[in-house]
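Asks: Sharing query_17.cif below, mmCIF, C-alpha atoms and all ligand atoms:
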data_coords
loop_
_atom_site.group_PDB
_atom_site.id
_atom_site.type_symbol
_atom_site.label_atom_id
_atom_site.label_comp_id
_atom_site.auth_asym_id
_atom_site.auth_seq_id
_atom_site.Cartn_x
_atom_site.Cartn_y
_atom_site.Cartn_z
ATOM 1 C CA MET A 1 112.707 -101.722 -195.442
ATOM 2 C CA HIS A 2 110.821 -98.424 -195.898
ATOM 3 C CA LYS A 3 110.089 -97.599 -199.560
ATOM 4 C CA ASP A 4 111.844 -94.193 -199.363
ATOM 5 C CA ILE A 5 115.142 -95.714 -198.208
ATOM 6 C CA GLU A 6 117.884 -96.287 -200.775
ATOM 7 C CA LYS A 7 119.964 -98.563 -198.551
ATOM 8 C CA ILE A 8 120.528 -99.338 -194.898
ATOM 9 C CA LEU A 9 123.842 -98.004 -193.561
ATOM 10 C CA TYR A 10 123.500 -99.076 -189.917
ATOM 11 C CA SER A 11 121.298 -101.977 -188.902
ATOM 12 C CA GLU A 12 119.718 -102.254 -185.458
ATOM 13 C CA GLN A 13 122.558 -104.565 -184.445
ATOM 14 C CA ASP A 14 125.230 -102.190 -185.796
ATOM 15 C CA ILE A 15 123.728 -99.391 -183.711
ATOM 16 C CA LYS A 16 123.536 -101.576 -180.589
ATOM 17 C CA ASN A 17 127.240 -102.364 -180.887
ATOM 18 C CA ILE A 18 128.134 -98.687 -181.273
ATOM 19 C CA VAL A 19 125.982 -97.698 -178.279
ATOM 20 C CA LYS A 20 127.625 -100.342 -176.072
ATOM 21 C CA ARG A 21 131.098 -99.142 -177.002
ATOM 22 C CA LEU A 22 130.253 -95.486 -176.307
ATOM 23 C CA ALA A 23 128.608 -96.369 -172.978
ATOM 24 C CA LYS A 24 131.830 -98.086 -171.825
ATOM 25 C CA GLU A 25 133.916 -95.017 -172.710
ATOM 26 C CA ILE A 26 131.481 -92.762 -170.836
ATOM 27 C CA GLU A 27 131.462 -95.044 -167.776
ATOM 28 C CA LYS A 28 135.247 -94.881 -167.610
ATOM 29 C CA ASP A 29 135.419 -91.073 -167.888
ATOM 30 C CA TYR A 30 132.430 -90.103 -165.736
ATOM 31 C CA ASN A 31 132.826 -92.581 -162.897
ATOM 32 C CA GLY A 32 132.526 -90.590 -159.627
ATOM 33 C CA LYS A 33 131.434 -87.383 -161.374
ATOM 34 C CA ASP A 34 128.191 -85.528 -160.791
ATOM 35 C CA PHE A 35 126.882 -85.165 -164.329
ATOM 36 C CA ILE A 36 123.755 -84.518 -166.374
ATOM 37 C CA MET A 37 123.147 -86.264 -169.666
ATOM 38 C CA VAL A 38 121.452 -83.636 -171.833
ATOM 39 C CA GLY A 39 119.753 -84.800 -175.025
ATOM 40 C CA LEU A 40 119.114 -82.403 -177.886
ATOM 41 C CA LEU A 41 115.589 -83.001 -179.137
ATOM 42 C CA LYS A 42 114.260 -84.231 -181.316
ATOM 43 C CA GLY A 43 117.075 -86.026 -183.097
ATOM 44 C CA CYS A 44 118.524 -87.563 -179.923
ATOM 45 C CA VAL A 45 115.445 -89.573 -178.908
ATOM 46 C CA SER A 46 116.286 -93.142 -179.916
ATOM 47 C CA PHE A 47 119.987 -92.769 -179.181
ATOM 48 C CA MET A 48 119.450 -91.157 -175.777
ATOM 49 C CA VAL A 49 117.012 -93.820 -174.632
ATOM 50 C CA ASP A 50 119.371 -96.619 -175.640
ATOM 51 C CA LEU A 51 122.579 -94.946 -174.439
ATOM 52 C CA MET A 52 121.367 -93.963 -170.985
ATOM 53 C CA ARG A 53 120.282 -97.527 -170.237
ATOM 54 C CA GLU A 54 123.773 -98.821 -171.083
ATOM 55 C CA VAL A 55 125.653 -96.390 -168.834
ATOM 56 C CA ASN A 56 125.915 -97.956 -165.384
ATOM 57 C CA LEU A 57 126.493 -94.817 -163.309
ATOM 58 C CA ASP A 58 124.369 -92.414 -161.244
ATOM 59 C CA PHE A 59 123.390 -89.349 -163.249
ATOM 60 C CA SER A 60 120.389 -87.232 -164.098
ATOM 61 C CA ILE A 61 118.962 -86.499 -167.525
ATOM 62 C CA ASP A 62 117.468 -83.443 -169.166
ATOM 63 C CA PHE A 63 116.591 -82.196 -172.618
ATOM 64 C CA LEU A 64 116.921 -79.123 -174.761
ATOM 65 C CA ALA A 65 114.868 -78.760 -177.919
ATOM 66 C CA VAL A 66 116.798 -76.938 -180.616
ATOM 67 C CA SER A 67 116.266 -76.715 -184.312
ATOM 68 C CA SER A 68 118.120 -75.194 -187.237
ATOM 69 C CA TYR A 69 117.082 -77.304 -190.217
ATOM 70 C CA GLY A 70 113.309 -76.930 -190.178
ATOM 71 C CA ASN A 71 111.861 -78.811 -193.138
ATOM 72 C CA SER A 72 114.942 -78.537 -195.308
ATOM 73 C CA THR A 73 118.027 -80.670 -195.964
ATOM 74 C CA VAL A 74 120.139 -77.537 -195.549
ATOM 75 C CA SER A 75 120.816 -75.789 -192.237
ATOM 76 C CA SER A 76 119.327 -72.321 -191.845
ATOM 77 C CA GLY A 77 122.433 -71.356 -189.855
ATOM 78 C CA ARG A 78 120.265 -70.034 -187.030
ATOM 79 C CA VAL A 79 119.821 -72.156 -183.927
ATOM 80 C CA ASN A 80 116.537 -71.739 -182.067
ATOM 81 C CA ILE A 81 115.929 -72.973 -178.526
ATOM 82 C CA GLN A 82 112.390 -74.287 -178.547
ATOM 83 C CA LYS A 83 112.469 -75.854 -175.093
ATOM 84 C CA ASP A 84 115.002 -74.905 -172.449
ATOM 85 C CA ILE A 85 116.711 -77.209 -169.947
ATOM 86 C CA SER A 86 114.680 -77.525 -166.732
ATOM 87 C CA THR A 87 117.446 -78.146 -164.155
ATOM 88 C CA SER A 88 120.359 -75.940 -163.084
ATOM 89 C CA VAL A 89 123.675 -76.750 -164.781
ATOM 90 C CA ASP A 90 125.638 -74.543 -162.359
ATOM 91 C CA GLY A 91 128.667 -76.515 -161.160
ATOM 92 C CA LYS A 92 127.647 -79.632 -163.083
ATOM 93 C CA HIS A 93 129.430 -81.691 -165.718
ATOM 94 C CA ILE A 94 127.293 -81.841 -168.848
ATOM 95 C CA LEU A 95 127.335 -84.608 -171.418
ATOM 96 C CA ILE A 96 125.384 -83.546 -174.504
ATOM 97 C CA VAL A 97 123.813 -86.363 -176.497
ATOM 98 C CA GLU A 98 123.296 -85.713 -180.212
ATOM 99 C CA ASP A 99 122.316 -87.830 -183.175
ATOM 100 C CA ILE A 100 124.588 -86.062 -185.652
ATOM 101 C CA VAL A 101 127.165 -83.294 -185.837
ATOM 102 C CA ASP A 102 127.142 -81.717 -189.268
ATOM 103 C CA SER A 103 128.116 -78.036 -189.633
ATOM 104 C CA GLY A 104 128.671 -77.970 -185.870
ATOM 105 C CA ARG A 105 126.583 -74.828 -185.459
ATOM 106 C CA THR A 106 124.055 -76.447 -183.114
ATOM 107 C CA LEU A 107 126.740 -77.725 -180.762
ATOM 108 C CA ALA A 108 128.900 -74.612 -180.866
ATOM 109 C CA PHE A 109 125.844 -72.611 -179.844
ATOM 110 C CA ILE A 110 124.652 -75.019 -177.147
ATOM 111 C CA SER A 111 128.116 -75.494 -175.602
ATOM 112 C CA GLN A 112 128.484 -71.724 -175.243
ATOM 113 C CA TYR A 113 124.976 -71.497 -173.878
ATOM 114 C CA LEU A 114 125.657 -74.099 -171.157
ATOM 115 C CA TYR A 115 129.031 -72.611 -170.201
ATOM 116 C CA ALA A 116 127.301 -69.226 -169.885
ATOM 117 C CA LYS A 117 124.983 -70.919 -167.358
ATOM 118 C CA ASN A 118 128.080 -71.945 -165.373
ATOM 119 C CA ALA A 119 128.451 -75.609 -166.313
ATOM 120 C CA THR A 120 131.783 -77.001 -165.060
ATOM 121 C CA SER A 121 132.424 -78.967 -168.250
ATOM 122 C CA VAL A 122 130.520 -79.599 -171.463
ATOM 123 C CA LYS A 123 131.375 -82.651 -173.555
ATOM 124 C CA ILE A 124 129.635 -84.043 -176.610
ATOM 125 C CA CYS A 125 128.579 -87.580 -177.427
ATOM 126 C CA THR A 126 127.283 -87.987 -180.955
ATOM 127 C CA LEU A 127 126.156 -91.092 -182.762
ATOM 128 C CA PHE A 128 127.289 -89.747 -186.123
ATOM 129 C CA ASN A 129 129.914 -87.256 -187.166
ATOM 130 C CA LYS A 130 130.235 -85.566 -190.566
ATOM 131 C CA PRO A 131 133.584 -83.787 -190.148
ATOM 132 C CA ASP A 132 133.770 -82.812 -193.839
ATOM 133 C CA ARG A 133 130.894 -80.385 -193.369
ATOM 134 C CA ARG A 134 132.195 -78.612 -190.280
ATOM 135 C CA VAL A 135 132.097 -74.783 -190.335
ATOM 136 C CA THR A 136 132.875 -74.278 -186.633
ATOM 137 C CA ASP A 137 135.752 -75.578 -184.561
ATOM 138 C CA ILE A 138 134.219 -77.836 -181.925
ATOM 139 C CA ASP A 139 135.643 -80.759 -179.987
ATOM 140 C CA VAL A 140 133.545 -83.934 -180.086
ATOM 141 C CA ALA A 141 134.616 -86.260 -177.276
ATOM 142 C CA TYR A 142 132.597 -89.379 -178.180
ATOM 143 C CA VAL A 143 131.795 -90.364 -181.760
ATOM 144 C CA GLY A 144 129.809 -93.440 -182.702
ATOM 145 C CA SER A 145 130.706 -93.437 -186.365
ATOM 146 C CA VAL A 146 132.063 -91.082 -189.026
ATOM 147 C CA ILE A 147 129.748 -90.905 -192.004
ATOM 148 C CA PRO A 148 129.968 -89.720 -195.610
ATOM 149 C CA ASP A 149 128.030 -86.712 -196.854
ATOM 150 C CA ALA A 150 124.752 -88.442 -197.755
ATOM 151 C CA PHE A 151 121.342 -87.489 -196.393
ATOM 152 C CA ILE A 152 120.592 -90.140 -193.796
ATOM 153 C CA VAL A 153 117.428 -90.739 -191.780
ATOM 154 C CA GLY A 154 116.081 -93.080 -189.121
ATOM 155 C CA TYR A 155 116.801 -93.804 -185.437
ATOM 156 C CA GLY A 156 115.830 -90.211 -184.534
ATOM 157 C CA LEU A 157 117.139 -88.531 -187.691
ATOM 158 C CA ASP A 158 114.429 -86.929 -189.818
ATOM 159 C CA TYR A 159 113.724 -85.415 -193.154
ATOM 160 C CA ALA A 160 110.843 -82.924 -192.787
ATOM 161 C CA GLU A 161 109.974 -84.588 -189.438
ATOM 162 C CA ARG A 162 109.565 -88.045 -190.991
ATOM 163 C CA TYR A 163 111.462 -91.346 -190.605
ATOM 164 C CA ARG A 164 112.547 -90.739 -186.992
ATOM 165 C CA ASN A 165 110.809 -93.950 -185.939
ATOM 166 C CA LEU A 166 112.816 -96.267 -188.209
ATOM 167 C CA PRO A 167 114.912 -98.613 -186.025
ATOM 168 C CA TYR A 168 117.856 -98.495 -188.477
ATOM 169 C CA VAL A 169 119.725 -95.675 -190.249
ATOM 170 C CA GLY A 170 119.553 -95.471 -194.028
ATOM 171 C CA VAL A 171 120.211 -93.201 -196.986
ATOM 172 C CA LEU A 172 117.102 -91.355 -198.166
ATOM 173 C CA LYS A 173 116.230 -91.753 -201.854
ATOM 174 C CA GLU A 174 117.058 -88.550 -203.702
ATOM 175 C CA SER A 175 113.637 -88.536 -205.359
ATOM 176 C CA VAL A 176 112.058 -87.877 -201.962
ATOM 177 C CA TYR A 177 113.749 -84.502 -201.491
ATOM 178 C CA SER A 178 114.783 -83.448 -205.030
ATOM 179 C CA GLN A 179 111.550 -81.483 -205.622
ATOM 180 C CA ASP A 180 112.051 -79.558 -202.355
ATOM 181 C CA THR A 181 115.573 -78.219 -202.846
HETATM 182 C C1 LIG B 1 119.814 -81.750 -186.728
HETATM 183 C C2 LIG B 1 120.559 -82.806 -185.950
HETATM 184 C C3 LIG B 1 121.525 -81.995 -185.115
HETATM 185 C C4 LIG B 1 121.849 -80.826 -186.007
HETATM 186 C C5 LIG B 1 123.179 -81.038 -186.657
HETATM 187 O O1 LIG B 1 118.792 -81.210 -185.921
HETATM 188 O O2 LIG B 1 119.668 -83.530 -185.124
HETATM 189 O O3 LIG B 1 120.920 -81.534 -183.943
HETATM 190 O O4 LIG B 1 120.807 -80.753 -187.005
HETATM 191 O O5 LIG B 1 123.461 -80.030 -187.598
HETATM 192 P P1 LIG B 1 124.560 -78.911 -187.422
HETATM 193 O O6 LIG B 1 125.812 -79.568 -186.898
HETATM 194 O O7 LIG B 1 124.725 -78.401 -188.823
HETATM 195 O O8 LIG B 1 124.050 -77.850 -186.496
HETATM 196 P P2 LIG B 1 117.567 -80.373 -186.511
HETATM 197 O O9 LIG B 1 117.887 -78.926 -186.484
HETATM 198 O O10 LIG B 1 117.177 -80.948 -187.838
HETATM 199 O O11 LIG B 1 116.424 -80.630 -185.444
HETATM 200 P P3 LIG B 1 115.856 -82.075 -184.991
HETATM 201 O O12 LIG B 1 116.882 -82.675 -184.080
HETATM 202 O O13 LIG B 1 114.596 -81.774 -184.291
HETATM 203 O O14 LIG B 1 115.660 -82.874 -186.244
HETATM 204 MN MN MN B 2 118.854 -82.160 -183.785
HETATM 205 MG MG MG B 3 116.141 -82.464 -188.171
#
When written as structure tokens, how does the structure in this file appear?
Replies:
Amino acid sequence: MHKDIEKILYSEQDIKNIVKRLAKEIEKDYNGKDFIMVGLLKGCVSFMVDLMREVNLDFSIDFLAVSSYGNSTVSSGRVNIQKDISTSVDGKHILIVEDIVDSGRTLAFISQYLYAKNATSVKICTLFNKPDRRVTDIDVAYVGSVIPDAFIVGYGLDYAERYRNLPYVGVLKESVYSQDT
């Protein structure tokens, strides 16, 4: 285990089981639909790669790079698009893939953005949900797991751009970020 991790919350096997379950739900709902799986970079990376290989349907993929946290544990409240989607969403069903929904600001913004570009439907698949911290009213169709309000990293989730490469998800030791906040 990495020295900055307090404890592991989701092992590689735990995550695999969650991904398989979500993929089955998606297969059932999207069978026969023309859809694009859109990952929100960078947090989605590990999840997106694993999820898309478990969904046995024909679909395309794309990415949007958005950021609101920067190098902090607290959201700035502003969502910046750093890389736009490269295919047309006009008339398409969109399934957004996220690592975590926290305040909900990122997804509220991106859903509106994709509907404004004429998407037929926009649904959200997130690995983790922190409903206690929600400040916007958004509907999350697929949730891997509901998590408590601890600062977690790994499997795509970062603190100051670090720990994304960990294959598990763990709680970050408070000493790592206490000087920064
Ligand atoms: C994190 C996370 C989600 C978002 C959730 O991204 O990956 O995208 O914040 O927070 P919210 O519900 O309060 O908007 P971040 O802005 O840190 O960028 P990253 O994915 O590149 O780490
Ligand atoms: Mn993100
Ligand atoms: Mg981040």
Asks: Need the shell around Asp139 (chain A): protein/DNA/RNA residues with any atom at most 12 Å away, counting only C-alpha atoms. Skip same-chain ones fewer than 4 positions apart. Format as number ranges by chain?
Replies: A: 96, 101, 104, 107-108, 111, 122-126, 129, 131, 134, 143
Asks: By how many Å are CA of Met52 (chain A) and CA of Phe128 (chain A) apart?
Replies: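 CA of Met52 (chain A) sits 16.8 Å away from CA of Phe128 (chain A).
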Asks: Would you mind listing what lies within 12 Å of Thr87 (chain A) as a list in words, with only C-alpha atoms counted and same-chain residues fewer than 2 positions away left out?
Replies: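 So, after excluding close chain neighbours, the residues are Phe35, Ile36, Met37, Val38, Ser60, Ile61, Asp62, Phe63, Leu64, Asp84, Ile85, Val89, Asp90, Gly91, Lys92, Ile94, Leu114, Lys117 and Ala119 of chain A.
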Asks: Could you list, as a ChimeraX atom specification, all the residues within 10 Å of ligand LIG 1 (chain B), counting only C-alpha atoms and all ligand atoms?
Replies: /A:39-45,64-80,82,97-110,126,128-131,133-136,138,153,156-162,164
Asks: Report the distance between CA of Ser178 (chain A) and CA of His2 (chain A) in Å, rounded to one decimal place.
Replies: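 CA of His2 (chain A) lies at a distance of 18.0 Å from CA of Ser178 (chain A).
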Asks: Between CA of Tyr10 (chain A) and CA of Val169 (chain A), what is the distance, to one decimal in Å?
Replies: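 About the pair CA of Tyr10 (chain A) and CA of Val169 (chain A): they are 5.1 Å apart.
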Asks: Using all atoms listed in the file, find the one residue out of A:Ile152, A:Asn56, A:Val176, A:Pro167 that sits nearest to ligand MG 3 (chain B).
Replies: A:Ile152
Asks: For a quick check of understanding, using all atoms listed in the file, which of A:Glu25, A:Met48, A:Gln179, A:Gly170 has the smallest distance to Lys3 (chain A)?
Replies: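 When distances to Lys3 (chain A) are compared using all atoms listed in the file, the smallest one comes from A:Gly170.
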Asks: For the file shown, what are the residues hit by the PyMOL selection byres (((chain A and resi 7) around 6) and not hetatm), laid out as a short mmCIF file (atom, residue, chain, number, x, y, z; two decimals) with C-alpha atoms, in the frame of the given file?
Replies:
data_model
loop_
_atom_site.label_atom_id
_atom_site.label_comp_id
_atom_site.auth_asym_id
_atom_site.auth_seq_id
_atom_site.Cartn_x
_atom_site.Cartn_y
_atom_site.Cartn_z
CA ILE A 5 115.14 -95.71 -198.21
CA GLU A 6 117.88 -96.29 -200.78
CA ILE A 8 120.53 -99.34 -194.90
CA GLY A 170 119.55 -95.47 -194.03
CA VAL A 171 120.21 -93.20 -196.99
#
Asks: When you count only C-alpha atoms, which of these residues is closest to Val146 (chain A): A:Leu172, A:Leu127, A:Val19, A:Tyr163?
Replies: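 Ranking A:Leu172, A:Leu127, A:Val19, A:Tyr163 by distance to Val146 (chain A), first place goes to A:Leu127.
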Asks: Pick the closest to ligand MN 2 (chain B) from A:Ile18, A:Glu12, A:Phe47, A:Glu54: which is it, counting all atoms listed in the file?
Replies: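 With all atoms listed in the file as the atom set, the closest residue is A:Phe47.
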Asks: Which polymer residues have any atom within 8 Å of an atom of Leu51 (chain A), counting only C-alpha atoms, with same-chain residues fewer than 6 positions away left out, as a PDB file with C-alpha atoms, in the frame of the given file?
Replies:
ATOM      1  CA  VAL A  19     125.982 -97.698-178.279  1.00  0.00           C
ATOM      2  CA  LYS A  20     127.625-100.342-176.072  1.00  0.00           C
ATOM      3  CA  LEU A  22     130.253 -95.486-176.307  1.00  0.00           C
ATOM      4  CA  ALA A  23     128.608 -96.369-172.978  1.00  0.00           C
TER       5      ALA A  23
END
Asks: Between A:His93, A:Asp29, A:Val55, A:Pro148, which one has atoms that come closest to Asp132 (chain A), using all atoms listed in the file?
Replies: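 Smallest separation from Asp132 (chain A) among the options: A:Pro148.
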Asks: Determine the nearest neighbour of ligand MN 2 (chain B) from the options A:Thr120, A:Ala141, A:Lys16, A:Tyr155, counting all atoms listed in the file.
Replies: A:Tyr155
